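Asker: run-v1.cif is reproduced in full below (mmCIF, C-alpha atoms, pLDDT in the B column; chains and numbers go by the auth columns).
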data_query
#
loop_
_atom_site.group_PDB
_atom_site.id
_atom_site.type_symbol
_atom_site.label_atom_id
_atom_site.label_comp_id
_atom_site.label_asym_id
_atom_site.label_seq_id
_atom_site.Cartn_x
_atom_site.Cartn_y
_atom_site.Cartn_z
_atom_site.B_iso_or_equiv
_atom_site.auth_seq_id
_atom_site.auth_asym_id
ATOM 1 C CA SER A 1 23.669 19.736 -5.751 50.00 1 D
ATOM 2 C CA ASP A 2 20.691 21.547 -7.258 70.00 2 D
ATOM 3 C CA ASN A 3 18.334 23.339 -4.933 80.00 3 D
ATOM 4 C CA LEU A 4 15.066 21.566 -5.656 86.00 4 D
ATOM 5 C CA SER A 5 11.614 22.820 -4.768 90.00 5 D
ATOM 6 C CA TYR A 6 8.999 20.539 -3.208 93.00 6 D
ATOM 7 C CA ARG A 7 5.239 21.010 -3.036 93.00 7 D
ATOM 8 C CA PHE A 8 2.628 19.446 -0.760 95.00 8 D
ATOM 9 C CA ASP A 9 -0.062 18.449 -3.277 93.00 9 D
ATOM 10 C CA GLU A 10 -2.273 16.737 -0.672 92.00 10 D
ATOM 11 C CA VAL A 11 -2.271 16.775 3.124 92.00 11 D
ATOM 12 C CA THR A 12 -4.484 14.642 5.366 92.00 12 D
ATOM 13 C CA LYS A 13 -4.564 15.130 9.143 93.00 13 D
ATOM 14 C CA GLU A 14 -1.415 16.254 10.971 93.00 14 D
ATOM 15 C CA VAL A 15 1.635 16.751 8.773 93.00 15 D
ATOM 16 C CA THR A 16 4.443 18.999 9.994 92.00 16 D
ATOM 17 C CA LYS A 17 7.624 20.439 8.535 91.00 17 D
ATOM 18 C CA VAL A 18 10.819 21.389 10.339 89.00 18 D
ATOM 19 C CA GLU A 19 12.624 23.896 8.143 86.00 19 D
ATOM 20 C CA ALA A 20 16.366 23.557 7.736 77.00 20 D
ATOM 21 C CA ALA A 21 18.055 26.279 9.780 65.00 21 D
ATOM 22 C CA GLU A 22 21.501 27.373 10.885 61.00 22 D
ATOM 23 C CA PRO A 23 22.147 26.760 13.686 60.00 23 D
ATOM 24 C CA PRO A 24 19.841 23.695 13.854 63.00 24 D
ATOM 25 C CA ARG A 25 18.508 24.719 17.290 69.00 25 D
ATOM 26 C CA ASP A 26 16.752 27.622 15.573 67.00 26 D
ATOM 27 C CA ALA A 27 14.644 25.243 13.480 71.00 27 D
ATOM 28 C CA ARG A 28 10.904 25.474 14.070 82.00 28 D
ATOM 29 C CA GLU A 29 8.228 22.863 13.427 86.00 29 D
ATOM 30 C CA ARG A 30 4.898 23.886 11.936 89.00 30 D
ATOM 31 C CA ARG A 31 1.899 22.225 10.363 92.00 31 D
ATOM 32 C CA VAL A 32 1.601 22.275 6.597 91.00 32 D
ATOM 33 C CA ALA A 33 -1.402 22.370 4.267 93.00 33 D
ATOM 34 C CA ALA A 34 -1.985 21.441 0.642 93.00 34 D
ATOM 35 C CA GLY A 35 -0.235 23.928 -1.633 92.00 35 D
ATOM 36 C CA ASP A 36 2.595 24.682 0.806 93.00 36 D
ATOM 37 C CA SER A 37 6.175 24.428 -0.406 91.00 37 D
ATOM 38 C CA ALA A 38 9.322 22.932 1.094 91.00 38 D
ATOM 39 C CA LYS A 39 13.008 22.861 0.251 89.00 39 D
ATOM 40 C CA GLY A 40 16.028 20.632 0.548 87.00 40 D
ATOM 41 C CA GLY A 41 17.040 19.973 4.147 87.00 41 D
ATOM 42 C CA ASP A 42 13.501 20.282 5.535 91.00 42 D
ATOM 43 C CA LEU A 43 12.213 17.428 7.688 93.00 43 D
ATOM 44 C CA VAL A 44 8.647 16.171 7.127 94.00 44 D
ATOM 45 C CA ARG A 45 6.754 14.286 9.843 94.00 45 D
ATOM 46 C CA THR A 46 3.333 12.639 9.677 94.00 46 D
ATOM 47 C CA GLY A 47 1.119 11.729 12.617 93.00 47 D
ATOM 48 C CA SER A 48 -1.522 9.070 13.255 92.00 48 D
ATOM 49 C CA GLY A 49 -3.689 8.452 10.187 92.00 49 D
ATOM 50 C CA ALA A 50 -1.879 11.230 8.331 93.00 50 D
ATOM 51 C CA ARG A 51 -0.825 11.278 4.697 94.00 51 D
ATOM 52 C CA ALA A 52 1.128 13.712 2.556 94.00 52 D
ATOM 53 C CA VAL A 53 1.656 13.764 -1.205 94.00 53 D
ATOM 54 C CA LEU A 54 4.864 15.603 -2.026 94.00 54 D
ATOM 55 C CA SER A 55 5.953 16.397 -5.583 93.00 55 D
ATOM 56 C CA VAL A 56 9.291 17.450 -7.078 90.00 56 D
ATOM 57 C CA SER A 57 8.342 18.842 -10.468 86.00 57 D
ATOM 58 C CA GLU A 58 11.936 19.334 -11.688 84.00 58 D
ATOM 59 C CA ARG A 59 12.518 15.603 -11.322 86.00 59 D
ATOM 60 C CA LYS A 60 9.009 14.410 -12.280 86.00 60 D
ATOM 61 C CA ALA A 61 8.797 12.600 -8.943 90.00 61 D
ATOM 62 C CA ARG A 62 5.957 12.209 -6.452 92.00 62 D
ATOM 63 C CA PHE A 63 5.965 10.665 -2.980 93.00 63 D
ATOM 64 C CA GLU A 64 2.914 9.502 -1.030 94.00 64 D
ATOM 65 C CA ILE A 65 4.083 9.499 2.598 94.00 65 D
ATOM 66 C CA GLY A 66 2.088 7.385 5.058 93.00 66 D
ATOM 67 C CA PRO A 67 1.384 7.811 8.788 94.00 67 D
ATOM 68 C CA PHE A 68 4.026 7.878 11.518 94.00 68 D
ATOM 69 C CA ALA A 69 6.742 8.657 8.958 94.00 69 D
ATOM 70 C CA ARG A 70 9.801 10.878 9.037 94.00 70 D
ATOM 71 C CA ALA A 71 11.527 11.982 5.838 93.00 71 D
ATOM 72 C CA ARG A 72 14.242 14.526 5.119 93.00 72 D
ATOM 73 C CA LEU A 73 14.121 16.254 1.750 92.00 73 D
ATOM 74 C CA GLN A 74 17.073 16.171 -0.623 85.00 74 D
ATOM 75 C CA GLY A 75 19.875 14.297 1.107 72.00 75 D
ATOM 76 C CA ASP A 76 23.559 15.157 1.008 76.00 76 D
ATOM 77 C CA LEU A 77 24.444 12.536 -1.614 80.00 77 D
ATOM 78 C CA PRO A 78 24.087 13.380 -5.333 82.00 78 D
ATOM 79 C CA GLY A 79 20.696 12.591 -6.838 86.00 79 D
ATOM 80 C CA VAL A 80 18.953 11.907 -3.524 89.00 80 D
ATOM 81 C CA LEU A 81 15.479 13.477 -3.520 90.00 81 D
ATOM 82 C CA LEU A 82 14.357 12.176 -0.141 93.00 82 D
ATOM 83 C CA VAL A 83 15.814 10.343 2.864 93.00 83 D
ATOM 84 C CA LEU A 84 13.226 8.077 4.499 93.00 84 D
ATOM 85 C CA GLU A 85 14.157 7.717 8.174 93.00 85 D
ATOM 86 C CA LYS A 86 10.965 6.074 9.486 92.00 86 D
ATOM 87 C CA GLY A 87 7.607 4.804 8.213 94.00 87 D
ATOM 88 C CA ARG A 88 6.568 4.112 4.639 92.00 88 D
ATOM 89 C CA LEU A 89 6.021 5.843 1.347 93.00 89 D
ATOM 90 C CA LYS A 90 5.054 5.081 -2.225 92.00 90 D
ATOM 91 C CA ALA A 91 7.162 6.661 -4.963 91.00 91 D
ATOM 92 C CA PHE A 92 6.154 7.534 -8.531 91.00 92 D
ATOM 93 C CA PHE A 93 8.675 8.548 -11.182 88.00 93 D
ATOM 94 C CA ASP A 94 7.652 9.702 -14.647 82.00 94 D
ATOM 95 C CA ALA A 95 10.124 9.505 -17.525 77.00 95 D
ATOM 96 C CA LEU A 96 12.467 12.469 -17.875 74.00 96 D
ATOM 97 C CA THR A 97 12.770 13.662 -21.474 74.00 97 D
ATOM 98 C CA GLY A 98 14.795 16.214 -23.403 65.00 98 D
ATOM 99 C CA GLU A 99 17.626 16.521 -20.915 66.00 99 D
ATOM 100 C CA PRO A 100 20.762 14.620 -19.848 68.00 100 D
ATOM 101 C CA PRO A 101 20.184 11.596 -17.592 70.00 101 D
ATOM 102 C CA VAL A 102 19.615 12.658 -13.995 77.00 102 D
ATOM 103 C CA GLU A 103 19.834 10.317 -11.014 80.00 103 D
ATOM 104 C CA ARG A 104 16.681 10.221 -8.908 86.00 104 D
ATOM 105 C CA ARG A 105 17.300 8.367 -5.678 87.00 105 D
ATOM 106 C CA VAL A 106 15.692 7.705 -2.307 90.00 106 D
ATOM 107 C CA ALA A 107 17.953 6.978 0.679 90.00 107 D
ATOM 108 C CA THR A 108 17.054 4.411 3.358 90.00 108 D
ATOM 109 C CA PRO A 109 19.090 3.024 6.263 88.00 109 D
ATOM 110 C CA GLY A 110 21.947 1.094 4.683 85.00 110 D
ATOM 111 C CA ALA A 111 21.150 1.629 0.986 90.00 111 D
ATOM 112 C CA LEU A 112 20.252 3.999 -1.831 89.00 112 D
ATOM 113 C CA LEU A 113 17.376 3.247 -4.216 89.00 113 D
ATOM 114 C CA ALA A 114 17.973 4.343 -7.813 88.00 114 D
ATOM 115 C CA VAL A 115 15.074 4.232 -10.260 81.00 115 D
ATOM 116 C CA ARG A 116 14.645 3.511 -13.929 71.00 116 D
ATOM 117 C CA GLY A 117 11.247 5.200 -14.386 64.00 117 D
ATOM 118 C CA THR A 118 9.120 3.251 -11.984 82.00 118 D
ATOM 119 C CA ARG A 119 6.604 2.968 -9.150 88.00 119 D
ATOM 120 C CA TYR A 120 7.459 1.349 -5.847 91.00 120 D
ATOM 121 C CA GLY A 121 6.770 1.274 -2.115 92.00 121 D
ATOM 122 C CA VAL A 122 9.319 1.367 0.688 91.00 122 D
ATOM 123 C CA GLU A 123 8.872 0.945 4.434 92.00 123 D
ATOM 124 C CA ILE A 124 11.292 1.049 7.371 91.00 124 D
ATOM 125 C CA SER A 125 10.539 -1.152 10.363 89.00 125 D
ATOM 126 C CA GLU A 126 11.062 -0.190 14.003 84.00 126 D
ATOM 127 C CA GLY A 127 14.246 -2.267 13.936 83.00 127 D
ATOM 128 C CA GLY A 128 15.659 -0.287 11.011 85.00 128 D
ATOM 129 C CA GLU A 129 15.146 -2.893 8.266 90.00 129 D
ATOM 130 C CA THR A 130 13.832 -1.644 4.925 91.00 130 D
ATOM 131 C CA THR A 131 11.278 -3.453 2.758 92.00 131 D
ATOM 132 C CA LEU A 132 11.057 -2.440 -0.912 92.00 132 D
ATOM 133 C CA ALA A 133 8.167 -3.548 -3.157 92.00 133 D
ATOM 134 C CA VAL A 134 8.388 -2.732 -6.874 93.00 134 D
ATOM 135 C CA PHE A 135 5.095 -2.372 -8.752 93.00 135 D
ATOM 136 C CA GLU A 136 6.363 -1.093 -12.110 91.00 136 D
ATOM 137 C CA GLY A 137 9.814 -0.776 -13.678 90.00 137 D
ATOM 138 C CA THR A 138 13.071 -1.585 -11.907 90.00 138 D
ATOM 139 C CA VAL A 139 14.819 -0.261 -8.792 91.00 139 D
ATOM 140 C CA GLU A 140 18.536 -0.625 -8.184 91.00 140 D
ATOM 141 C CA VAL A 141 19.329 -1.187 -4.496 91.00 141 D
ATOM 142 C CA ILE A 142 22.799 0.203 -3.781 90.00 142 D
ATOM 143 C CA PRO A 143 23.815 -0.944 -0.278 89.00 143 D
ATOM 144 C CA SER A 144 26.680 0.617 1.628 85.00 144 D
ATOM 145 C CA SER A 145 28.105 -2.794 2.592 83.00 145 D
ATOM 146 C CA PHE A 146 26.956 -5.254 -0.112 88.00 146 D
ATOM 147 C CA LYS A 147 26.769 -5.592 -3.890 88.00 147 D
ATOM 148 C CA SER A 148 24.040 -3.733 -5.745 89.00 148 D
ATOM 149 C CA VAL A 149 20.989 -5.695 -6.867 92.00 149 D
ATOM 150 C CA PHE A 150 18.119 -4.940 -9.246 92.00 150 D
ATOM 151 C CA VAL A 151 14.566 -5.439 -7.976 93.00 151 D
ATOM 152 C CA ARG A 152 11.991 -5.737 -10.746 91.00 152 D
ATOM 153 C CA ALA A 153 8.235 -5.318 -10.973 93.00 153 D
ATOM 154 C CA GLY A 154 6.440 -7.954 -8.905 94.00 154 D
ATOM 155 C CA GLU A 155 9.393 -8.412 -6.541 94.00 155 D
ATOM 156 C CA LEU A 156 10.133 -7.266 -3.013 93.00 156 D
ATOM 157 C CA CYS A 157 13.366 -7.046 -1.103 92.00 157 D
ATOM 158 C CA THR A 158 14.187 -6.629 2.597 91.00 158 D
ATOM 159 C CA PHE A 159 17.578 -5.252 3.597 91.00 159 D
ATOM 160 C CA GLY A 160 19.405 -3.219 6.199 89.00 160 D
ATOM 161 C CA PRO A 161 22.833 -1.937 7.198 87.00 161 D
ATOM 162 C CA ARG A 162 23.850 -5.509 8.098 87.00 162 D
ATOM 163 C CA LYS A 163 21.390 -7.462 5.933 89.00 163 D
ATOM 164 C CA GLU A 164 22.129 -8.192 2.290 89.00 164 D
ATOM 165 C CA PRO A 165 19.277 -7.459 -0.157 90.00 165 D
ATOM 166 C CA GLN A 166 17.775 -10.578 -1.747 88.00 166 D
ATOM 167 C CA PRO A 167 14.826 -10.018 -4.118 92.00 167 D
ATOM 168 C CA ALA A 168 11.887 -12.457 -4.020 92.00 168 D
ATOM 169 C CA PRO A 169 8.429 -12.582 -5.642 94.00 169 D
ATOM 170 C CA MET A 170 5.829 -10.473 -3.847 91.00 170 D
ATOM 171 C CA ARG A 171 3.356 -13.339 -4.178 89.00 171 D
ATOM 172 C CA ASP A 172 5.525 -15.337 -1.762 87.00 172 D
ATOM 173 C CA ARG A 173 4.429 -12.849 0.881 85.00 173 D
ATOM 174 C CA GLY A 174 0.832 -12.708 -0.336 87.00 174 D
ATOM 175 C CA MET A 175 1.465 -9.066 -1.246 87.00 175 D
ATOM 176 C CA THR A 176 -0.074 -6.983 -4.021 86.00 176 D
ATOM 177 C CA GLU A 177 0.025 -3.279 -4.786 88.00 177 D
ATOM 178 C CA SER A 178 -3.464 -2.822 -3.340 86.00 178 D
ATOM 179 C CA SER A 179 -2.510 -4.606 -0.103 85.00 179 D
ATOM 180 C CA TRP A 180 0.579 -2.388 0.137 85.00 180 D
ATOM 181 C CA ASP A 181 -1.594 0.701 -0.256 86.00 181 D
ATOM 182 C CA ARG A 182 -3.688 -0.492 2.698 84.00 182 D
ATOM 183 C CA ARG A 183 -1.096 -1.954 5.047 82.00 183 D
ATOM 184 C CA GLY A 184 2.398 -1.522 3.614 83.00 184 D
ATOM 185 C CA ALA A 185 4.833 -4.342 4.275 79.00 185 D
ATOM 186 C CA GLY A 186 2.501 -5.644 6.984 73.00 186 D
ATOM 187 C CA ALA A 187 0.401 -7.341 4.298 50.00 187 D
ATOM 188 C CA ALA A 188 1.825 -10.710 5.361 47.00 188 D
ATOM 189 C CA PRO A 189 4.775 -11.833 7.464 45.00 189 D
ATOM 190 C CA PRO A 190 7.654 -13.752 5.841 45.00 190 D
ATOM 191 C CA ASN A 191 6.857 -17.311 4.753 40.00 191 D
ATOM 192 C CA THR A 192 3.159 -16.941 5.568 38.00 192 D
ATOM 193 C CA ARG A 193 0.426 -17.019 2.947 39.00 193 D
ATOM 194 C CA ALA A 194 -1.799 -13.961 2.956 37.00 194 D
ATOM 195 C CA GLY A 195 -4.994 -15.984 3.227 38.00 195 D
ATOM 196 C CA GLU A 196 -3.793 -17.722 6.360 38.00 196 D
ATOM 197 C CA GLN A 197 -2.919 -14.443 8.028 39.00 197 D
ATOM 198 C CA SER A 198 -6.159 -12.702 7.124 37.00 198 D
ATOM 199 C CA ASP A 199 -8.048 -15.713 8.424 36.00 199 D
ATOM 200 C CA ARG A 200 -6.272 -15.597 11.772 38.00 200 D
ATOM 201 C CA ALA A 201 -7.261 -11.963 12.077 41.00 201 D
ATOM 202 C CA GLU A 202 -10.894 -12.758 11.295 39.00 202 D
ATOM 203 C CA SER A 203 -11.359 -16.062 13.162 39.00 203 D
ATOM 204 C CA PRO A 204 -14.129 -16.110 15.796 43.00 204 D
ATOM 205 C CA PRO A 205 -13.205 -16.534 19.476 44.00 205 D
ATOM 206 C CA GLY A 206 -11.811 -19.979 20.051 44.00 206 D
ATOM 207 C CA GLY A 207 -10.160 -20.099 16.613 44.00 207 D
ATOM 208 C CA PRO A 208 -11.284 -21.880 13.450 42.00 208 D
ATOM 209 C CA GLN A 209 -13.859 -24.644 13.657 43.00 209 D
ATOM 210 C CA PRO A 210 -12.430 -28.181 13.830 42.00 210 D
ATOM 211 C CA GLY A 211 -12.404 -30.336 10.742 43.00 211 D
ATOM 212 C CA GLY A 212 -10.174 -28.404 8.374 44.00 212 D
ATOM 213 C CA PRO A 213 -7.558 -25.691 7.859 44.00 213 D
ATOM 214 C CA PRO A 214 -8.344 -21.989 7.887 45.00 214 D
ATOM 215 C CA SER A 215 -10.142 -20.752 4.819 43.00 215 D
ATOM 216 C CA ARG A 216 -8.380 -18.534 2.284 43.00 216 D
ATOM 217 C CA ASP A 217 -9.975 -15.700 0.376 45.00 217 D
ATOM 218 C CA GLY A 218 -12.173 -17.359 -2.199 46.00 218 D
ATOM 219 C CA GLY A 219 -11.077 -20.806 -0.957 47.00 219 D
ATOM 220 C CA PRO A 220 -12.891 -23.688 0.723 47.00 220 D
ATOM 221 C CA PRO A 221 -14.742 -23.238 4.038 47.00 221 D
ATOM 222 C CA ARG A 222 -12.945 -23.892 7.289 45.00 222 D
ATOM 223 C CA ASN A 223 -14.478 -27.348 7.657 46.00 223 D
ATOM 224 C CA ALA A 224 -13.445 -28.513 4.187 47.00 224 D
ATOM 225 C CA PRO A 225 -11.555 -31.800 4.370 48.00 225 D
ATOM 226 C CA ALA A 226 -8.969 -30.929 1.712 51.00 226 D
ATOM 227 C CA PRO A 227 -6.039 -28.649 2.632 51.00 227 D
ATOM 228 C CA PRO A 228 -5.621 -25.441 0.652 52.00 228 D
ATOM 229 C CA ALA A 229 -3.457 -25.575 -2.468 53.00 229 D
ATOM 230 C CA PRO A 230 0.020 -24.040 -2.091 52.00 230 D
ATOM 231 C CA ALA A 231 0.495 -20.465 -3.298 53.00 231 D
ATOM 232 C CA PRO A 232 1.779 -20.226 -6.921 53.00 232 D
ATOM 233 C CA GLY A 233 5.520 -20.125 -7.206 51.00 233 D
ATOM 234 C CA ARG A 234 6.279 -21.364 -3.681 47.00 234 D
ATOM 235 C CA PRO A 235 8.884 -24.104 -3.431 49.00 235 D
ATOM 236 C CA HIS A 236 7.608 -27.479 -2.298 46.00 236 D
#
Using structure tokens, write down the structure from this file.
Answerer:
Amino acid sequence: SDNLSYRFDEVTKEVTKVEAAEPPRDARERRVAAGDSAKGGDLVRTGSGARAVLSVSERKARFEIGPFARARLQGDLPGVLLVLEKGRLKAFFDALTGEPPVERRVATPGALLAVRGTRYGVEISEGGETTLAVFEGTVEVIPSSFKSVFVRAGELCTFGPRKEPQPAPMRDRGMTESSWDRRGAGAAPPNTRAGEQSDRAESPPGGPQPGGPPSRDGGPPRNAPAPPAPAPGRPH
């Protein structure tokens, strides 16, 4: 595969790079700063509150890597620009013009993500499951053990080595692109409306006041007699 060059466009707090080396025991870890470069095979780690923006100019790709993440650059499979092993990132792909089609993929545990000129977020849980949220364009999820599926803008998909990908509307999880930017896939747990979760987090000691359900953002007060309306698009 091509030897791609990577650049750290932005670095916040502690971001380190372990350069690929032969033998691997000779590899050394060092902190990086904005403007530093990296190459295929390098391992990037981010610490608490850290963030790194990594660009691959030859592929018109950019990755915003969040805290507590681990990513290896340019995997062994053709077209893979980055292998996300832990944590979350947001990927941006501009259209490639004036050249033959080139695959631009991100690898996660159990699947490859192939893009069609798009913007998406991906996060790997402690248990190894991957959550993909597509904000623009379409992403093809190519699992190692299941059929490929297309995830379109406004949809998310959770999958893993033993879990088949099944796209669903992001609104079913109370998720938006802005909530992803703040909290990643933790915006709302499965089958829970975002307003209910945020209310639980903000309730005073002793829980909500009696007389009504928790309030939702912009919804009725806690003591309103009427229950909140169901989220759009949820099955009844």
Asker: Extract, using all atoms listed in the file, all DNA, RNA and protein residues at most 12 Å from stretch 160-165 of chain D, discarding same-chain residues fewer than 6 positions from it, and format them as a PyMOL selection string.
Answerer: chain D and resi 107-113+123-132+140-151
Asker: When the PyMOL selection byres ((chain D and resi 61-70) around 6) is applied to the file above, which residues end up in the set, as a VMD selection string?
Answerer: chain D and resid 44 to 56 59 to 60 71 85 to 93
Asker: Between atom CA of D:Arg182 and atom CA of D:Ala133, what distance in Å does the model show, to one decimal?
Answerer: 13.6 Å
Asker: Taking the file as shown, what set of residues would the PyMOL selection byres ((chain D and resi 184) around 9) give back, as an NGL selection string?
Answerer: :D and (88-89 or 121-123 or 177 or 179-183 or 185-187)
Asker: Might you pull out every residue within 8 Å of D:Ala38, with all atoms listed in the file counted and same-chain residues fewer than 6 positions away left off, and present them as number ranges by chain?
Answerer: D: 5-8, 19
Asker: Translate the PyMOL selection byres ((chain D and resi 31) around 10), as applied to the file shown, into an explicit residue set as a PyMOL selection string.
Answerer: chain D and resi 11+13-18+29-30+32-33+36+44-46
Asker: Based on the selection just made, write C-alpha atoms of those residues as a PDB file, in the coordinates of the input.
Answerer:
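Listed below is the output, result.pdb:
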ATOM      1  CA  VAL D  11      -2.271  16.775   3.124  1.00 92.00           C
ATOM      2  CA  LYS D  13      -4.564  15.130   9.143  1.00 93.00           C
ATOM      3  CA  GLU D  14      -1.415  16.254  10.971  1.00 93.00           C
ATOM      4  CA  VAL D  15       1.635  16.751   8.773  1.00 93.00           C
ATOM      5  CA  THR D  16       4.443  18.999   9.994  1.00 92.00           C
ATOM      6  CA  LYS D  17       7.624  20.439   8.535  1.00 91.00           C
ATOM      7  CA  VAL D  18      10.819  21.389  10.339  1.00 89.00           C
ATOM      8  CA  GLU D  29       8.228  22.863  13.427  1.00 86.00           C
ATOM      9  CA  ARG D  30       4.898  23.886  11.936  1.00 89.00           C
ATOM     10  CA  VAL D  32       1.601  22.275   6.597  1.00 91.00           C
ATOM     11  CA  ALA D  33      -1.402  22.370   4.267  1.00 93.00           C
ATOM     12  CA  ASP D  36       2.595  24.682   0.806  1.00 93.00           C
ATOM     13  CA  VAL D  44       8.647  16.171   7.127  1.00 94.00           C
ATOM     14  CA  ARG D  45       6.754  14.286   9.843  1.00 94.00           C
ATOM     15  CA  THR D  46       3.333  12.639   9.677  1.00 94.00           C
TER      16      THR D  46
END
Asker: Using all atoms listed in the file, find the one residue out of D:Ala95, D:Val115, D:Leu81, D:Val134 that sits nearest to D:Leu156.
Answerer: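 The answer is D:Val134, which sits nearest to D:Leu156.
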Asker: If you count only C-alpha atoms, which residues fall within 8 Å of D:Glu103, apart from same-chain ones fewer than 4 positions away, as number ranges by chain?
Answerer: D: 78-80, 114-115
Asker: Between atom CA of D:Leu82 and atom CA of D:Arg171, what is the spacing in Å?
Answerer: 28.1 Å
